[in-house]
Every structure is written in C-alpha cells, then in structure tokens.
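Reading through the structure tokens given below for one structure.
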Amino acid sequence: MNSYITIIATAAMGLESIVAQEVKRLGYSEVNVENGKVRFEADIQAVIRCNLWLRSADRVKILIGEFEATSYDELFEQTKSLPWGDYIPEDGEFPVIGKSVKSKLYSVPDCQSIVKKAIVEKLKKQHGIAQWLPETGSLYRVEVALHKNKVELTLDSSGSGLHKRGYRYQQGDAPLKETLAAALIQLTNWHPDQPFYDLFCGSGTIPIEAALIGQNIAPGFNRSFVSEEWEWVSSEAWERGLEEAEDLANYDQPLAIYGSDIRHEMVEASKTNAFEAGLGDLIQWKQMQASDFASDQSIGYIVSNPPYGERLGDKKKIEETYKQLGTVLRDYPGWSIYMLTANEQFESLFGQKATKKRKLFNGFIKTDYYQYFGKRI
C-alpha cells in the first residue's frame with residue numbers, strides 16, 4: 001500500500017465548500033471540491049483525523065480506484081486489477097453497495113454483484129486462498145459509484161454517518177442533522193466570546209454544536225468508527241489521533257450559549273442531549289416563545305432552524321411567529337441573525353431583506369439560509 005492515499009469526504013449538496021475549509025484547517029492542501037464530495041491526498045493518519053474532526057462532512061471514504069467502463073467485462077477486469085488485498089484481509093466482511101447515474105451500466109444490483117465477484121477473485125489470489133472467503137472479520141464496506149461511465153470504487157472508513165456524534169438520545173419530529181447544524185454555525189462569523197442563541201432549539205442540536213466548536217472539541221471524540229478495527233490502520237495511530245483531540249480541546253473557554261423552545265418537552269430533550277455530549281453546564285436552556293427574546297448585550301448571534309409551516313394548519317401560526325420575531329429583533333441592530341427555512345416568504349414576513357441568502361438542503365427539503373449581518377456598534 002502507498003504511504004499516501006486518496007481520501008474523499010462526502011458532503012450534502014451546498015456544504016462542499018464548508019467541508020473543504022475544514023479539511024484545509026486540518027493542514028491538508030490541494031483539496032479538490034466536486035459535487036457532493038471533497039477529495040485530497042494524505043497519509044493514513046488523515047483518515048483518523050478527518051473522522052474525528054470533520055464537523056460538516058457525511059463520511060470519510062478511501063479511494064481504491066477509478067476508471068472508465070462501458071461493459072460488465074470491463075467493470076469486472078478493472079475492479080479485479082486493483083490491490084484489494086492491501087486493504088481487506090482474508091476474513092474481512094465486504095458488502096458492496098452501489099449507485100449509477102447516466103451510465104451505460106445502469107443496473108445497480110448487477111454492478112454490485114460483478115464488483116463483489118471481482119474482489120473475491122483478487123482476494124483469493126492475493127491471500128492465496130483456493131476456496132471461499134469466510135467474511136467473519138471486520139467490516140470493509142465497498143461502494144461502486146458510476147457516473148457517465150466513470151467508475152469510482154471506495155471503502156467507507158466511518159461506519160455510521162458522521163452526523164451520529166453519540167449525544168442525541170432524544171429528538172423531535174424533524175431533527176436537524178448535526179453536520180448541517182455545524183455548517184450553519186461555520187457560515188457565521190461567531191466567536192466563542194460572543195453570545196449565541198437558538199430561539200427554536202428543538203432537541204438542542206445547534207447550541208450543542210456551537211459549544212463543541214466554541215471549545216474546539218472534536219465532534220467524533222465520543223463515538224467509534226468502523227476503521228478502528230482495520231488491520232492496516234494501527235491502534236497506535238488511533239491513540240495519536242485521540243490524544244491530539246484531547247490536547248487541542250479548550251475546556252476552559254467560557255461560553256454564553258442559550259437555547260430556547262416553546263415546547264417544554266423539547267427543552268428537556270435538549271438538556272438530556274447536552275448532558276450526554278458532556279456539555280451539561282455550558283448551555284443555558286429556557287422554555288419560551290421566540291418573540292420573548294431579550295438581551296442586554298449590544299452584539300450577539302442568533303442561529304435557528306424555525307418550523308417551516310408546511311402543514312396547512314401550522315402555516316398561519318408560523319407566519320405570525322416570523323412577523324413577531326422580525327418586530328422584536330429590529331431592536332437589536334448589532335446582532336447577526338441566521339435563519340434556515342423552506343418558507344419562501346420569510347423575508348417579507350420578517351420585514352427585512354437578508355444581507356445574504358444561501359440555498360441548502362435540510363434532508364430532502366430545499367431551504368434558504370437567510371443571513372442578516374449585525375451593524376458595527
């Protein structure tokens with residue numbers, strides 16, 4: 001195996017540039033941004049560091065090979081030519097998942113089956129096995145992705161998606177992914193010494209992610225990853241990665257982070273989740289209407305994912321909430337306000353045109369991130 005590998009950090013649509021910035025902050029250069037992914041060359045330690053530190057990426061994958069294929073024979077032979085035995089041991093479990101977009105090889109089940117057979121043949125040859133492969137060992141999930149006849153073969157090093165930080169024990173009806181919440185915060189100019197509010201906190205994801213960012217705590221510090229069991233990623237390398245995360249955390253950083261929600265059960269859920277994240281004392285929670293917001297600070301940040309009012313019965317109520325919020329927040333010109341919503345009338349309801357607007361997807365829902373920059377005071 002080469003000492004340097006190609007790593008692909010996958011990302012939700014619209015978040016690729018945020019993930020690229022995170023990768024660069026980890027010290028990796030020559031980062032290429034593509035649709036839904038960020039690609040770069042690095043050493044094996046980067047697999048560990050990216051899994052631990054990337055806040056807005058979905059998964060960290062390792063590129064095994066890429067090539068053009070317009071027939072199943074080409075797919076089989078070129079897959080078989082790759083050094084699978086360098087990555088997957090003779091007892092490794094290697095399910096194959098797939099996707100195909102605008103490719104001649106459009107049957108995903110057929111592509112998965114052919115890739116599986118090709119890997120089996122190569123592993124038998126590399127490991128000197130005549131019969132069958134037991135697949136009783138660690139998990140090495142292979143993905144075959146075809147796009148316009150270009151084939152990309154990767155191994156998933158994360159296991160569960162990176163949004164699963166391990167702290168969300170309770171959630172609401174439409175929870176915001178932790179990765180998107182982290183991206184919303186990183187799209188602001190918030191600094192840990194400034195007040196931070198979420199007026200529609202739901203299960204507390206945005207304030208919790210703000211606290212992790214504020215104290216520079218690695219988001220993957222309290223969870224496990226499938227590549228921890230891989231033979232070629234040493235336990236010593238994982239220990240180095242975890243030690244670095246511990247050393248870089250700034251647990252002494254004071255924070256003024258607040259989360260509120262009109263629903264008592266959501267405030268209680270937020271408290272539980274913050275406690276599970278080890279941040280129980282760092283965030284202040286309160287049950288209240290968003291329009292009851294008040295602060296004696298001249299500058300601060302509000303980042304929220306309010307209800308969208310998509311259900312007919314909720315629509316008028318939510319629109320009235322937006323209007324009331326706009327009226328209240330006009331008394332805080334120094335505050336920067338960031339709202340993610342699918343309601344296309346938000347600006348007119350809020351009573352002010354956004355300084356900046358960014359299209360993002362909350363799951364499969366197309367949304368806009370309305371950004372109101374506070375005036376310098």
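Chain lettering (A, B, ...) mirrors the order of the structure tokens, residue numbering begins at 1 for each chain separately, and ligand numbering begins at 1 in order of display.
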*asked:* Just want the 7 Å neighbourhood of range 69-78 of chain A, counted on only C-alpha atoms, with same-chain residues fewer than 4 positions away dropped. Output as an MDAnalysis selection string.
replied: chainID A and resid 82 104:105 114:115 118 149:151
Could those selected residues go to a file with all heavy atoms, as a short mmCIF file (atom, residue, chain, number, x, y, z; two decimals), in the first residue's frame?
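File again.cif, as written:
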```cif
data_model
loop_
_atom_site.label_atom_id
_atom_site.label_comp_id
_atom_site.auth_asym_id
_atom_site.auth_seq_id
_atom_site.Cartn_x
_atom_site.Cartn_y
_atom_site.Cartn_z
N LEU A 82 -7.30 -4.09 -9.17
CA LEU A 82 -6.95 -3.22 -8.04
C LEU A 82 -6.43 -4.03 -6.85
O LEU A 82 -6.79 -5.20 -6.68
CB LEU A 82 -8.18 -2.40 -7.63
CG LEU A 82 -8.71 -1.44 -8.70
CD1 LEU A 82 -10.06 -0.86 -8.29
CD2 LEU A 82 -7.71 -0.33 -8.97
N LYS A 104 -23.97 3.68 -18.88
CA LYS A 104 -24.44 2.54 -19.66
C LYS A 104 -24.71 1.34 -18.75
O LYS A 104 -25.59 0.53 -19.02
CB LYS A 104 -23.41 2.15 -20.72
CG LYS A 104 -23.37 3.09 -21.91
CD LYS A 104 -22.45 2.56 -23.00
CE LYS A 104 -22.46 3.48 -24.21
NZ LYS A 104 -21.57 2.97 -25.29
N LEU A 105 -23.93 1.25 -17.68
CA LEU A 105 -24.13 0.17 -16.71
C LEU A 105 -25.11 0.67 -15.65
O LEU A 105 -24.72 1.08 -14.56
CB LEU A 105 -22.79 -0.24 -16.09
CG LEU A 105 -21.67 -0.60 -17.09
CD1 LEU A 105 -20.41 -1.01 -16.36
CD2 LEU A 105 -22.13 -1.72 -18.02
N ILE A 114 -21.10 -7.90 -9.79
CA ILE A 114 -19.86 -8.05 -10.56
C ILE A 114 -18.66 -7.55 -9.77
O ILE A 114 -17.59 -8.19 -9.76
CB ILE A 114 -20.00 -7.32 -11.91
CG1 ILE A 114 -20.94 -8.12 -12.82
CG2 ILE A 114 -18.65 -7.11 -12.58
CD1 ILE A 114 -21.50 -7.35 -13.97
N VAL A 115 -18.80 -6.42 -9.10
CA VAL A 115 -17.70 -5.89 -8.28
C VAL A 115 -17.38 -6.88 -7.15
O VAL A 115 -16.21 -7.14 -6.86
CB VAL A 115 -18.07 -4.50 -7.72
CG1 VAL A 115 -17.12 -4.10 -6.59
CG2 VAL A 115 -18.04 -3.47 -8.84
N ALA A 118 -15.43 -9.78 -8.57
CA ALA A 118 -14.07 -9.38 -8.95
C ALA A 118 -13.18 -9.25 -7.71
O ALA A 118 -12.02 -9.67 -7.72
CB ALA A 118 -14.11 -8.05 -9.71
N ASN A 149 -20.35 6.64 -17.03
CA ASN A 149 -19.43 5.55 -17.37
C ASN A 149 -18.10 5.61 -16.62
O ASN A 149 -17.22 4.78 -16.85
CB ASN A 149 -19.15 5.50 -18.88
CG ASN A 149 -20.43 5.32 -19.68
OD1 ASN A 149 -21.33 4.60 -19.27
ND2 ASN A 149 -20.51 6.00 -20.81
N LYS A 150 -17.93 6.59 -15.73
CA LYS A 150 -16.75 6.62 -14.88
C LYS A 150 -17.07 5.87 -13.59
O LYS A 150 -18.09 6.13 -12.95
CB LYS A 150 -16.33 8.05 -14.56
CG LYS A 150 -15.07 8.14 -13.73
CD LYS A 150 -14.69 9.58 -13.43
CE LYS A 150 -13.45 9.65 -12.54
NZ LYS A 150 -13.09 11.05 -12.21
N VAL A 151 -16.21 4.94 -13.24
CA VAL A 151 -16.42 4.10 -12.05
C VAL A 151 -15.48 4.56 -10.94
O VAL A 151 -14.29 4.79 -11.17
CB VAL A 151 -16.13 2.61 -12.37
CG1 VAL A 151 -16.35 1.74 -11.14
CG2 VAL A 151 -16.99 2.14 -13.53
#
```
_Shell of 9 Å around Lys164 in chain A, only C-alpha atoms, local chain residues under 5 positions omitted, as a list in words_ = Lys177, Glu178, Thr179, Gly220 and Arg223 of chain A
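Here CA of Leu255 in chain A stands at a distance of 7.1 Å from CA of Gly214 in chain A.
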*Nearest to Asp261 in chain A: which of A:Glu90, A:Asp292, A:Glu209, A:Glu246 is it, counting only C-alpha atoms?*
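Comparing A:Glu90, A:Asp292, A:Glu209, A:Glu246 against Asp261 in chain A, the winner is A:Asp292.
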*List every residue of range 190-242 of chain A that DSSP, applied to the backbone of this structure, assigns to helix (DSSP H, G or I), and report them as a VMD selection string.*
chain A and resid 205 to 214 226 to 229 235 to 242
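Each of A:Val38, A:Arg165, A:Ser158, A:Trp132 was compared to Glu276 in chain A using only C-alpha atoms, and A:Arg165 turns out to be the nearest.
Each of A:Asn305, A:Ser227, A:Ser260, A:Gln112 was checked against Leu139 in chain A using only C-alpha atoms; the smallest atom-to-atom distance is that of A:Ser227.
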Could you name the residues that touch Thr327 in chain A at 10 Å or less, counting only C-alpha atoms, but leaving out those on the same chain fewer than 6 positions away, as a PDB file with all heavy atoms, in the first residue's frame?
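Result went into result.pdb, see below:
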```pdb
ATOM      1  N   SER A 291     -40.478  35.114  20.310  1.00  0.00           N
ATOM      2  CA  SER A 291     -40.742  36.561  20.324  1.00  0.00           C
ATOM      3  C   SER A 291     -40.523  37.192  21.702  1.00  0.00           C
ATOM      4  O   SER A 291     -40.569  38.411  21.842  1.00  0.00           O
ATOM      5  CB  SER A 291     -42.159  36.849  19.849  1.00  0.00           C
ATOM      6  OG  SER A 291     -43.103  36.140  20.632  1.00  0.00           O
ATOM      7  N   THR A 321     -45.460  33.985  13.747  1.00  0.00           N
ATOM      8  CA  THR A 321     -44.227  33.906  14.548  1.00  0.00           C
ATOM      9  C   THR A 321     -43.092  34.647  13.861  1.00  0.00           C
ATOM     10  O   THR A 321     -42.342  35.393  14.500  1.00  0.00           O
ATOM     11  CB  THR A 321     -43.831  32.437  14.778  1.00  0.00           C
ATOM     12  OG1 THR A 321     -44.863  31.788  15.517  1.00  0.00           O
ATOM     13  CG2 THR A 321     -42.519  32.326  15.548  1.00  0.00           C
ATOM     14  N   LEU A 349     -42.173  38.375   5.541  1.00  0.00           N
ATOM     15  CA  LEU A 349     -42.795  38.176   6.847  1.00  0.00           C
ATOM     16  C   LEU A 349     -41.929  38.752   7.965  1.00  0.00           C
ATOM     17  O   LEU A 349     -42.433  39.389   8.895  1.00  0.00           O
ATOM     18  CB  LEU A 349     -43.052  36.687   7.096  1.00  0.00           C
ATOM     19  CG  LEU A 349     -44.087  36.019   6.196  1.00  0.00           C
ATOM     20  CD1 LEU A 349     -43.992  34.505   6.278  1.00  0.00           C
ATOM     21  CD2 LEU A 349     -45.499  36.478   6.567  1.00  0.00           C
ATOM     22  N   PHE A 350     -40.641  38.536   7.862  1.00  0.00           N
ATOM     23  CA  PHE A 350     -39.685  39.019   8.854  1.00  0.00           C
ATOM     24  C   PHE A 350     -39.564  40.545   8.796  1.00  0.00           C
ATOM     25  O   PHE A 350     -39.192  41.195   9.778  1.00  0.00           O
ATOM     26  CB  PHE A 350     -38.325  38.356   8.606  1.00  0.00           C
ATOM     27  CG  PHE A 350     -37.303  38.563   9.691  1.00  0.00           C
ATOM     28  CD1 PHE A 350     -37.449  37.951  10.924  1.00  0.00           C
ATOM     29  CD2 PHE A 350     -36.187  39.360   9.462  1.00  0.00           C
ATOM     30  CE1 PHE A 350     -36.495  38.128  11.921  1.00  0.00           C
ATOM     31  CE2 PHE A 350     -35.234  39.552  10.451  1.00  0.00           C
ATOM     32  CZ  PHE A 350     -35.388  38.922  11.688  1.00  0.00           C
ATOM     33  N   GLY A 351     -39.873  41.095   7.613  1.00  0.00           N
ATOM     34  CA  GLY A 351     -39.873  42.549   7.463  1.00  0.00           C
ATOM     35  C   GLY A 351     -38.544  43.147   7.079  1.00  0.00           C
ATOM     36  O   GLY A 351     -38.341  44.362   7.197  1.00  0.00           O
ATOM     37  N   GLN A 352     -37.646  42.333   6.564  1.00  0.00           N
ATOM     38  CA  GLN A 352     -36.314  42.840   6.201  1.00  0.00           C
ATOM     39  C   GLN A 352     -35.675  41.901   5.191  1.00  0.00           C
ATOM     40  O   GLN A 352     -35.739  40.680   5.327  1.00  0.00           O
ATOM     41  CB  GLN A 352     -35.440  42.935   7.467  1.00  0.00           C
ATOM     42  CG  GLN A 352     -34.108  43.616   7.251  1.00  0.00           C
ATOM     43  CD  GLN A 352     -33.310  43.697   8.553  1.00  0.00           C
ATOM     44  OE1 GLN A 352     -33.845  43.497   9.637  1.00  0.00           O
ATOM     45  NE2 GLN A 352     -32.032  43.976   8.439  1.00  0.00           N
TER      46      GLN A 352
END
```
